[in-house]
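> What follows is entry.cif, made up of mmCIF, N, CA and C atoms:
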```
data_input
loop_
_atom_site.label_atom_id
_atom_site.label_comp_id
_atom_site.auth_asym_id
_atom_site.auth_seq_id
_atom_site.Cartn_x
_atom_site.Cartn_y
_atom_site.Cartn_z
N MET A 1 13.66 23.29 1.96
CA MET A 1 12.33 22.81 1.61
C MET A 1 12.20 22.67 0.09
N ARG A 2 12.87 23.57 -0.65
CA ARG A 2 12.78 23.50 -2.11
C ARG A 2 13.38 22.21 -2.64
N LEU A 3 14.46 21.74 -2.02
CA LEU A 3 15.08 20.47 -2.44
C LEU A 3 14.13 19.30 -2.20
N ILE A 4 13.45 19.34 -1.08
CA ILE A 4 12.49 18.28 -0.75
C ILE A 4 11.35 18.28 -1.77
N ILE A 5 10.83 19.45 -2.10
CA ILE A 5 9.75 19.54 -3.09
C ILE A 5 10.26 19.06 -4.45
N PHE A 6 11.47 19.44 -4.80
CA PHE A 6 12.03 19.00 -6.09
C PHE A 6 12.12 17.47 -6.14
N LEU A 7 12.70 16.85 -5.11
CA LEU A 7 12.88 15.40 -5.11
C LEU A 7 11.54 14.65 -5.06
N ALA A 8 10.61 15.14 -4.25
CA ALA A 8 9.30 14.49 -4.17
C ALA A 8 8.54 14.65 -5.48
N GLY A 9 8.60 15.83 -6.08
CA GLY A 9 7.95 16.03 -7.37
C GLY A 9 8.57 15.15 -8.44
N LEU A 10 9.88 15.03 -8.43
CA LEU A 10 10.58 14.18 -9.38
C LEU A 10 10.17 12.71 -9.19
N SER A 11 10.05 12.28 -7.95
CA SER A 11 9.62 10.91 -7.66
C SER A 11 8.23 10.65 -8.23
N MET A 12 7.33 11.59 -8.00
CA MET A 12 5.96 11.42 -8.48
C MET A 12 5.92 11.42 -10.01
N VAL A 13 6.68 12.31 -10.63
CA VAL A 13 6.70 12.40 -12.09
C VAL A 13 7.33 11.15 -12.71
N LEU A 14 8.43 10.68 -12.15
CA LEU A 14 9.10 9.50 -12.71
C LEU A 14 8.24 8.24 -12.57
N SER A 15 7.35 8.22 -11.60
CA SER A 15 6.47 7.05 -11.45
C SER A 15 5.54 6.88 -12.64
N TRP A 16 5.39 7.91 -13.46
CA TRP A 16 4.54 7.87 -14.65
C TRP A 16 4.90 6.68 -15.54
N GLY A 17 6.18 6.45 -15.74
CA GLY A 17 6.61 5.39 -16.65
C GLY A 17 6.96 4.08 -15.97
N LEU A 18 6.94 4.05 -14.64
CA LEU A 18 7.30 2.83 -13.91
C LEU A 18 6.07 1.94 -13.73
N THR A 19 6.31 0.66 -13.55
CA THR A 19 5.22 -0.30 -13.33
C THR A 19 4.61 -0.08 -11.94
N TRP A 20 3.29 0.03 -11.90
CA TRP A 20 2.57 0.21 -10.64
C TRP A 20 1.98 -1.11 -10.17
N ILE A 21 1.30 -1.80 -11.07
CA ILE A 21 0.63 -3.06 -10.73
C ILE A 21 1.08 -4.09 -11.76
N ASP A 22 1.50 -5.24 -11.27
CA ASP A 22 1.95 -6.31 -12.16
C ASP A 22 1.20 -7.59 -11.81
N PRO A 23 -0.06 -7.69 -12.23
CA PRO A 23 -0.84 -8.88 -11.89
C PRO A 23 -0.43 -10.06 -12.78
N PRO A 24 -0.23 -11.21 -12.18
CA PRO A 24 0.26 -12.35 -12.97
C PRO A 24 -0.76 -12.90 -13.97
N PHE A 25 -2.05 -12.72 -13.73
CA PHE A 25 -3.06 -13.30 -14.61
C PHE A 25 -3.92 -12.29 -15.33
N ALA A 26 -3.65 -11.00 -15.19
CA ALA A 26 -4.53 -9.98 -15.75
C ALA A 26 -3.92 -9.28 -16.95
N GLY A 27 -2.94 -9.86 -17.58
CA GLY A 27 -2.37 -9.23 -18.75
C GLY A 27 -1.13 -8.42 -18.41
N ALA A 28 -0.92 -7.40 -19.21
CA ALA A 28 0.29 -6.59 -19.09
C ALA A 28 0.30 -5.79 -17.80
N ALA A 29 1.50 -5.42 -17.39
CA ALA A 29 1.68 -4.58 -16.21
C ALA A 29 1.04 -3.22 -16.45
N LEU A 30 0.57 -2.61 -15.37
CA LEU A 30 -0.11 -1.32 -15.46
C LEU A 30 0.78 -0.21 -14.94
N SER A 31 0.80 0.86 -15.68
CA SER A 31 1.43 2.11 -15.27
C SER A 31 0.57 3.21 -15.86
N PRO A 32 0.67 4.43 -15.36
CA PRO A 32 -0.12 5.51 -15.96
C PRO A 32 0.18 5.68 -17.45
N MET A 33 1.45 5.58 -17.82
CA MET A 33 1.81 5.73 -19.23
C MET A 33 1.16 4.63 -20.07
N ALA A 34 1.15 3.39 -19.57
CA ALA A 34 0.53 2.29 -20.30
C ALA A 34 -0.99 2.49 -20.41
N MET A 35 -1.62 2.99 -19.34
CA MET A 35 -3.07 3.19 -19.37
C MET A 35 -3.45 4.31 -20.34
N VAL A 36 -2.63 5.34 -20.45
CA VAL A 36 -2.89 6.40 -21.42
C VAL A 36 -2.65 5.88 -22.83
N SER A 37 -1.59 5.10 -23.02
CA SER A 37 -1.28 4.54 -24.34
C SER A 37 -2.38 3.58 -24.81
N ASP A 38 -2.94 2.80 -23.88
CA ASP A 38 -4.00 1.85 -24.22
C ASP A 38 -5.36 2.50 -24.37
N GLY A 39 -5.48 3.76 -24.00
CA GLY A 39 -6.76 4.45 -24.08
C GLY A 39 -7.65 4.22 -22.87
N ARG A 40 -7.12 3.64 -21.80
CA ARG A 40 -7.91 3.46 -20.58
C ARG A 40 -8.14 4.78 -19.87
N ILE A 41 -7.18 5.69 -20.02
CA ILE A 41 -7.31 7.03 -19.46
C ILE A 41 -7.11 8.01 -20.62
N MET A 42 -8.08 8.90 -20.81
CA MET A 42 -7.98 9.91 -21.86
C MET A 42 -8.43 11.25 -21.30
N LEU A 43 -7.84 12.30 -21.84
CA LEU A 43 -8.28 13.64 -21.49
C LEU A 43 -9.00 14.25 -22.68
N GLY A 44 -10.13 14.79 -22.41
CA GLY A 44 -10.93 15.43 -23.44
C GLY A 44 -12.18 15.99 -22.81
N PRO A 45 -13.04 16.57 -23.61
CA PRO A 45 -14.25 17.17 -23.05
C PRO A 45 -15.18 16.16 -22.38
N ASP A 46 -15.12 14.91 -22.80
CA ASP A 46 -16.00 13.89 -22.21
C ASP A 46 -15.31 13.05 -21.13
N SER A 47 -14.09 13.39 -20.80
CA SER A 47 -13.34 12.63 -19.80
C SER A 47 -13.92 12.86 -18.41
N PRO A 48 -13.90 11.82 -17.57
CA PRO A 48 -14.39 12.01 -16.20
C PRO A 48 -13.44 12.90 -15.41
N TRP A 49 -13.96 13.50 -14.38
CA TRP A 49 -13.15 14.41 -13.56
C TRP A 49 -11.99 13.69 -12.91
N GLN A 50 -12.14 12.38 -12.64
CA GLN A 50 -11.08 11.64 -12.01
C GLN A 50 -9.82 11.60 -12.88
N ALA A 51 -10.00 11.49 -14.19
CA ALA A 51 -8.85 11.49 -15.11
C ALA A 51 -8.14 12.83 -15.07
N TRP A 52 -8.91 13.91 -15.02
CA TRP A 52 -8.31 15.24 -14.95
C TRP A 52 -7.52 15.43 -13.65
N VAL A 53 -8.08 14.97 -12.54
CA VAL A 53 -7.40 15.10 -11.25
C VAL A 53 -6.15 14.23 -11.21
N PHE A 54 -6.26 12.99 -11.68
CA PHE A 54 -5.13 12.07 -11.66
C PHE A 54 -3.98 12.59 -12.53
N LEU A 55 -4.26 12.91 -13.77
CA LEU A 55 -3.21 13.39 -14.66
C LEU A 55 -2.75 14.80 -14.28
N GLY A 56 -3.66 15.61 -13.76
CA GLY A 56 -3.29 16.94 -13.29
C GLY A 56 -2.33 16.89 -12.12
N GLY A 57 -2.42 15.84 -11.31
CA GLY A 57 -1.48 15.67 -10.20
C GLY A 57 -0.05 15.51 -10.70
N PHE A 58 0.12 14.79 -11.81
CA PHE A 58 1.46 14.66 -12.39
C PHE A 58 1.96 16.00 -12.91
N ALA A 59 1.07 16.75 -13.54
CA ALA A 59 1.45 18.07 -14.06
C ALA A 59 1.82 19.01 -12.91
N ALA A 60 1.03 18.99 -11.84
CA ALA A 60 1.32 19.85 -10.69
C ALA A 60 2.64 19.45 -10.03
N ALA A 61 2.92 18.15 -9.96
CA ALA A 61 4.18 17.69 -9.38
C ALA A 61 5.36 18.13 -10.24
N ALA A 62 5.21 18.04 -11.56
CA ALA A 62 6.28 18.47 -12.46
C ALA A 62 6.52 19.97 -12.33
N LEU A 63 5.45 20.74 -12.30
CA LEU A 63 5.61 22.19 -12.16
C LEU A 63 6.21 22.57 -10.80
N ALA A 64 5.77 21.88 -9.75
CA ALA A 64 6.34 22.16 -8.42
C ALA A 64 7.83 21.85 -8.41
N ALA A 65 8.23 20.74 -9.02
CA ALA A 65 9.65 20.38 -9.07
C ALA A 65 10.44 21.41 -9.87
N LEU A 66 9.90 21.85 -10.99
CA LEU A 66 10.60 22.85 -11.81
C LEU A 66 10.73 24.19 -11.09
N ILE A 67 9.67 24.62 -10.46
CA ILE A 67 9.70 25.89 -9.75
C ILE A 67 10.66 25.81 -8.57
N ALA A 68 10.64 24.69 -7.85
CA ALA A 68 11.57 24.51 -6.73
C ALA A 68 13.01 24.47 -7.22
N LEU A 69 13.24 23.85 -8.37
CA LEU A 69 14.58 23.79 -8.95
C LEU A 69 15.10 25.19 -9.29
N ARG A 70 14.20 26.06 -9.67
CA ARG A 70 14.57 27.44 -10.02
C ARG A 70 14.74 28.32 -8.77
N GLY A 71 14.54 27.72 -7.60
CA GLY A 71 14.79 28.46 -6.36
C GLY A 71 13.61 29.26 -5.86
N ARG A 72 12.44 28.94 -6.31
CA ARG A 72 11.25 29.66 -5.86
C ARG A 72 10.36 28.73 -5.03
N GLY A 73 9.47 29.32 -4.28
CA GLY A 73 8.53 28.54 -3.49
C GLY A 73 7.46 27.91 -4.38
N ALA A 74 7.15 26.67 -4.13
CA ALA A 74 6.16 25.96 -4.92
C ALA A 74 5.14 25.28 -4.02
N GLY A 75 4.84 25.93 -2.90
CA GLY A 75 3.97 25.32 -1.90
C GLY A 75 2.59 24.97 -2.38
N LEU A 76 1.94 25.87 -3.10
CA LEU A 76 0.58 25.61 -3.56
C LEU A 76 0.54 24.46 -4.57
N LEU A 77 1.48 24.45 -5.51
CA LEU A 77 1.53 23.35 -6.48
C LEU A 77 1.86 22.03 -5.80
N ALA A 78 2.76 22.06 -4.83
CA ALA A 78 3.08 20.85 -4.08
C ALA A 78 1.85 20.34 -3.34
N LEU A 79 1.11 21.25 -2.75
CA LEU A 79 -0.12 20.88 -2.04
C LEU A 79 -1.14 20.26 -2.99
N LEU A 80 -1.33 20.86 -4.15
CA LEU A 80 -2.28 20.32 -5.13
C LEU A 80 -1.84 18.95 -5.64
N ALA A 81 -0.54 18.80 -5.91
CA ALA A 81 -0.03 17.51 -6.37
C ALA A 81 -0.20 16.45 -5.30
N GLY A 82 0.04 16.80 -4.05
CA GLY A 82 -0.11 15.86 -2.96
C GLY A 82 -1.56 15.50 -2.66
N LEU A 83 -2.47 16.42 -2.90
CA LEU A 83 -3.90 16.15 -2.66
C LEU A 83 -4.52 15.29 -3.75
N SER A 84 -4.00 15.38 -4.96
CA SER A 84 -4.64 14.68 -6.09
C SER A 84 -4.79 13.17 -5.85
N PRO A 85 -3.78 12.46 -5.33
CA PRO A 85 -3.99 11.02 -5.08
C PRO A 85 -5.04 10.75 -4.02
N LEU A 86 -5.14 11.61 -3.01
CA LEU A 86 -6.14 11.40 -1.98
C LEU A 86 -7.56 11.52 -2.55
N ILE A 87 -7.73 12.47 -3.43
CA ILE A 87 -9.05 12.67 -4.05
C ILE A 87 -9.40 11.47 -4.92
N VAL A 88 -8.45 11.04 -5.74
CA VAL A 88 -8.69 9.91 -6.63
C VAL A 88 -8.86 8.62 -5.83
N LEU A 89 -8.06 8.45 -4.77
CA LEU A 89 -8.17 7.26 -3.93
C LEU A 89 -9.52 7.21 -3.23
N GLY A 90 -9.97 8.33 -2.71
CA GLY A 90 -11.28 8.36 -2.06
C GLY A 90 -12.38 7.94 -3.01
N ASP A 91 -12.34 8.44 -4.24
CA ASP A 91 -13.32 8.04 -5.24
C ASP A 91 -13.17 6.57 -5.60
N ALA A 92 -11.92 6.10 -5.72
CA ALA A 92 -11.69 4.69 -6.08
C ALA A 92 -12.21 3.75 -5.01
N LEU A 93 -12.08 4.14 -3.74
CA LEU A 93 -12.62 3.29 -2.67
C LEU A 93 -14.13 3.23 -2.73
N ILE A 94 -14.75 4.33 -3.09
CA ILE A 94 -16.21 4.35 -3.18
C ILE A 94 -16.70 3.43 -4.30
N ARG A 95 -15.99 3.40 -5.40
CA ARG A 95 -16.42 2.58 -6.53
C ARG A 95 -15.39 1.49 -6.88
N ALA A 96 -14.88 0.83 -5.85
CA ALA A 96 -13.78 -0.13 -5.99
C ALA A 96 -14.10 -1.29 -6.93
N GLU A 97 -15.26 -1.88 -6.81
CA GLU A 97 -15.56 -3.08 -7.61
C GLU A 97 -15.68 -2.74 -9.10
N SER A 98 -16.33 -1.65 -9.44
CA SER A 98 -16.42 -1.29 -10.86
C SER A 98 -15.06 -0.89 -11.41
N LEU A 99 -14.23 -0.26 -10.60
CA LEU A 99 -12.88 0.09 -11.02
C LEU A 99 -12.05 -1.17 -11.26
N ARG A 100 -12.20 -2.16 -10.40
CA ARG A 100 -11.49 -3.43 -10.57
C ARG A 100 -11.88 -4.09 -11.89
N ARG A 101 -13.16 -4.07 -12.22
CA ARG A 101 -13.63 -4.64 -13.50
C ARG A 101 -13.07 -3.85 -14.67
N ASP A 102 -13.07 -2.51 -14.57
CA ASP A 102 -12.56 -1.68 -15.66
C ASP A 102 -11.08 -1.94 -15.94
N LEU A 103 -10.31 -2.17 -14.88
CA LEU A 103 -8.87 -2.43 -15.04
C LEU A 103 -8.58 -3.88 -15.39
N GLY A 104 -9.57 -4.76 -15.26
CA GLY A 104 -9.39 -6.17 -15.59
C GLY A 104 -8.59 -6.95 -14.57
N LEU A 105 -8.65 -6.54 -13.30
CA LEU A 105 -7.90 -7.24 -12.26
C LEU A 105 -8.65 -8.52 -11.86
N PRO A 106 -7.91 -9.62 -11.63
CA PRO A 106 -8.55 -10.93 -11.42
C PRO A 106 -8.94 -11.24 -9.97
N PHE A 107 -9.31 -10.26 -9.19
CA PHE A 107 -9.68 -10.51 -7.81
C PHE A 107 -10.76 -9.53 -7.41
N ALA A 108 -11.53 -9.90 -6.41
CA ALA A 108 -12.59 -9.04 -5.91
C ALA A 108 -12.04 -8.10 -4.84
N VAL A 109 -12.64 -6.94 -4.74
CA VAL A 109 -12.27 -5.97 -3.71
C VAL A 109 -13.41 -5.92 -2.70
N ASP A 110 -13.09 -6.28 -1.47
CA ASP A 110 -14.09 -6.30 -0.40
C ASP A 110 -13.72 -5.25 0.62
N LEU A 111 -14.44 -4.13 0.59
CA LEU A 111 -14.13 -3.05 1.53
C LEU A 111 -14.52 -3.41 2.95
N GLY A 112 -15.31 -4.45 3.12
CA GLY A 112 -15.65 -4.91 4.45
C GLY A 112 -14.46 -5.57 5.13
N ASP A 113 -13.53 -6.07 4.33
CA ASP A 113 -12.33 -6.70 4.87
C ASP A 113 -11.11 -6.07 4.20
N LEU A 114 -10.76 -4.87 4.63
CA LEU A 114 -9.66 -4.13 4.02
C LEU A 114 -8.32 -4.83 4.20
N ARG A 115 -8.14 -5.52 5.31
CA ARG A 115 -6.88 -6.21 5.54
C ARG A 115 -6.66 -7.29 4.48
N ALA A 116 -7.69 -8.08 4.19
CA ALA A 116 -7.56 -9.13 3.18
C ALA A 116 -7.37 -8.52 1.79
N SER A 117 -8.10 -7.45 1.50
CA SER A 117 -7.96 -6.79 0.20
C SER A 117 -6.55 -6.23 0.04
N TRP A 118 -6.01 -5.59 1.08
CA TRP A 118 -4.66 -5.05 1.00
C TRP A 118 -3.64 -6.18 0.87
N SER A 119 -3.84 -7.26 1.61
CA SER A 119 -2.92 -8.39 1.55
C SER A 119 -2.85 -8.96 0.14
N LEU A 120 -4.00 -9.03 -0.52
CA LEU A 120 -4.04 -9.52 -1.90
C LEU A 120 -3.42 -8.52 -2.86
N LEU A 121 -3.72 -7.26 -2.69
CA LEU A 121 -3.24 -6.24 -3.61
C LEU A 121 -1.74 -6.00 -3.49
N GLU A 122 -1.19 -6.07 -2.27
CA GLU A 122 0.23 -5.75 -2.12
C GLU A 122 1.14 -6.73 -2.84
N ASP A 123 0.66 -7.92 -3.17
CA ASP A 123 1.46 -8.86 -3.96
C ASP A 123 1.67 -8.37 -5.38
N PHE A 124 0.79 -7.48 -5.86
CA PHE A 124 0.87 -7.00 -7.23
C PHE A 124 1.51 -5.63 -7.37
N LEU A 125 1.69 -4.91 -6.25
CA LEU A 125 2.21 -3.55 -6.30
C LEU A 125 3.70 -3.55 -6.61
N ARG A 126 4.09 -2.59 -7.45
CA ARG A 126 5.50 -2.48 -7.85
C ARG A 126 6.03 -1.08 -7.53
N ILE A 127 7.25 -0.81 -7.90
CA ILE A 127 7.99 0.40 -7.52
C ILE A 127 7.28 1.70 -7.92
N GLY A 128 6.60 1.72 -9.04
CA GLY A 128 5.93 2.95 -9.48
C GLY A 128 4.88 3.42 -8.51
N PHE A 129 4.13 2.49 -7.95
CA PHE A 129 3.10 2.83 -6.97
C PHE A 129 3.74 3.48 -5.75
N TRP A 130 4.83 2.89 -5.27
CA TRP A 130 5.49 3.40 -4.07
C TRP A 130 6.15 4.75 -4.35
N ALA A 131 6.75 4.93 -5.53
CA ALA A 131 7.36 6.22 -5.88
C ALA A 131 6.29 7.31 -5.95
N TYR A 132 5.15 6.97 -6.53
CA TYR A 132 4.04 7.92 -6.63
C TYR A 132 3.51 8.27 -5.24
N GLY A 133 3.25 7.24 -4.44
CA GLY A 133 2.70 7.47 -3.11
C GLY A 133 3.62 8.24 -2.20
N LEU A 134 4.89 7.87 -2.17
CA LEU A 134 5.85 8.57 -1.33
C LEU A 134 6.03 10.01 -1.79
N GLY A 135 6.15 10.20 -3.10
CA GLY A 135 6.27 11.56 -3.62
C GLY A 135 5.06 12.41 -3.27
N ALA A 136 3.87 11.82 -3.38
CA ALA A 136 2.65 12.56 -3.08
C ALA A 136 2.55 12.92 -1.60
N VAL A 137 2.90 12.00 -0.73
CA VAL A 137 2.84 12.27 0.71
C VAL A 137 3.81 13.39 1.09
N VAL A 138 5.02 13.33 0.56
CA VAL A 138 6.01 14.35 0.88
C VAL A 138 5.58 15.70 0.30
N LEU A 139 5.05 15.70 -0.93
CA LEU A 139 4.56 16.95 -1.52
C LEU A 139 3.41 17.53 -0.71
N LEU A 140 2.52 16.68 -0.24
CA LEU A 140 1.39 17.14 0.56
C LEU A 140 1.88 17.80 1.85
N MET A 141 2.80 17.14 2.53
CA MET A 141 3.31 17.70 3.79
C MET A 141 4.11 18.98 3.55
N ALA A 142 4.96 18.99 2.52
CA ALA A 142 5.76 20.19 2.22
C ALA A 142 4.86 21.34 1.78
N GLY A 143 3.84 21.01 0.97
CA GLY A 143 2.91 22.03 0.53
C GLY A 143 2.13 22.63 1.68
N LEU A 144 1.65 21.76 2.57
CA LEU A 144 0.95 22.27 3.76
C LEU A 144 1.88 23.15 4.59
N TRP A 145 3.11 22.72 4.77
CA TRP A 145 4.07 23.49 5.56
C TRP A 145 4.28 24.86 4.97
N GLN A 146 4.48 24.91 3.66
CA GLN A 146 4.74 26.21 3.03
C GLN A 146 3.50 27.10 2.98
N VAL A 147 2.36 26.53 2.68
CA VAL A 147 1.14 27.33 2.59
C VAL A 147 0.74 27.85 3.97
N LEU A 148 0.83 27.00 4.98
CA LEU A 148 0.46 27.45 6.33
C LEU A 148 1.49 28.40 6.93
N ALA A 149 2.74 28.26 6.54
CA ALA A 149 3.79 29.15 7.06
C ALA A 149 3.62 30.58 6.56
N ARG A 150 2.97 30.76 5.45
CA ARG A 150 2.75 32.09 4.89
C ARG A 150 1.69 32.86 5.65
N ARG A 151 0.89 32.18 6.40
CA ARG A 151 -0.22 32.85 7.10
C ARG A 151 0.22 33.40 8.38
#
```
Show how you would write the structure in this file as structure tokens.

Amino acid sequence: MRLIIFLAGLSMVLSWGLTWIDPPFAGAALSPMAMVSDGRIMLGPDSPWQAWVFLGGFAAAALAALIALRGRGAGLLALLAGLSPLIVLGDALIRAESLRRDLGLPFAVDLGDLRASWSLLEDFLRIGFWAYGLGAVVLLMAGLWQVLARR
């Protein structure tokens, strides 16, 4: 299980510098590192909670991978890292249109027609998004397994 947590945490952490969204008409490709560099995401006393949860997920994934590499259980950190995208995604779905405007994406998000929105969005998704998502899902499942196994 420690190897799985290490690899999933590494996947999530490495997605930091990989391209997530590459829209052809909305400017430069987006990645978490690019958004932090551009000042779209900042941590500070006035930062929204979503930024703390999103960036904290990377920190939790890195710590889980390091602890697992050292041969110790990292179930709680894996669980927290895996939950962070779900929390941010839930909030993003609630405020999808304003988020789309903030990121400068050239298309509308219609939650009434999720299939059409996903079909449009998947053309722009790149490897970083998939590495982040897969790492988070595996960390969530491994974290749940380890935390529940202790009870």
> Expanded to explicit residues, what is the PyMOL selection byres (((chain A and resi 137 and name CA) around 10) and name CA) for this file, as an NGL selection string?
:A and (8 or 12 or 78-79 or 81-83 or 85-86 or 132-136 or 138-143)
> When distances are computed from all atoms listed in the file, which of A:Leu66, A:Ala29, A:Gly75, A:Leu14 shows the smallest separation from A:Trp145?
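Looking only at the distances to A:Trp145, the closest residue turns out to be A:Gly75.
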> Rounded to one decimal, what separation in Å do you get between atom CA of A:Ala74 and atom N of A:Asp91?
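Atom-to-atom, atom CA of A:Ala74 and atom N of A:Asp91 are spaced 25.5 Å apart.
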> Expressed in Å to a single decimal, how great is the separation between atom CA of A:Leu125 and atom CA of A:Ser47?
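Straight-line distance from atom CA of A:Leu125 to atom CA of A:Ser47 works out to 26.2 Å.
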> Would you mind reading off the distance between atom N of A:Gln50 and atom CA of A:Ile87, one decimal, in Å?
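Rounded to one decimal, the two atoms are 9.1 Å apart.
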> Please provide as a CSV table (one decimal) with N, CA and C atoms, in the frame of the given file all residues within 8 Å of A:Ile67, with the sequence filter that same-chain residues fewer than 5 positions apart are discarded (counting all atoms listed in the file).

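As a result, result25.csv now contains:
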```csv
chain,number,residue,atom,x,y,z
A,2,ARG,N,12.9,23.6,-0.6
A,2,ARG,CA,12.8,23.5,-2.1
A,2,ARG,C,13.4,22.2,-2.6
A,5,ILE,N,10.8,19.4,-2.1
A,5,ILE,CA,9.8,19.5,-3.1
A,5,ILE,C,10.3,19.1,-4.4
A,6,PHE,N,11.5,19.4,-4.8
A,6,PHE,CA,12.0,19.0,-6.1
A,6,PHE,C,12.1,17.5,-6.1
A,61,ALA,N,2.9,18.2,-10.0
A,61,ALA,CA,4.2,17.7,-9.4
A,61,ALA,C,5.4,18.1,-10.2
A,62,ALA,N,5.2,18.0,-11.6
A,62,ALA,CA,6.3,18.5,-12.5
A,62,ALA,C,6.5,20.0,-12.3
A,72,ARG,N,12.4,28.9,-6.3
A,72,ARG,CA,11.2,29.7,-5.9
A,72,ARG,C,10.4,28.7,-5.0
A,73,GLY,N,9.5,29.3,-4.3
A,73,GLY,CA,8.5,28.5,-3.5
A,73,GLY,C,7.5,27.9,-4.4
A,74,ALA,N,7.2,26.7,-4.1
A,74,ALA,CA,6.2,26.0,-4.9
A,74,ALA,C,5.1,25.3,-4.0
```
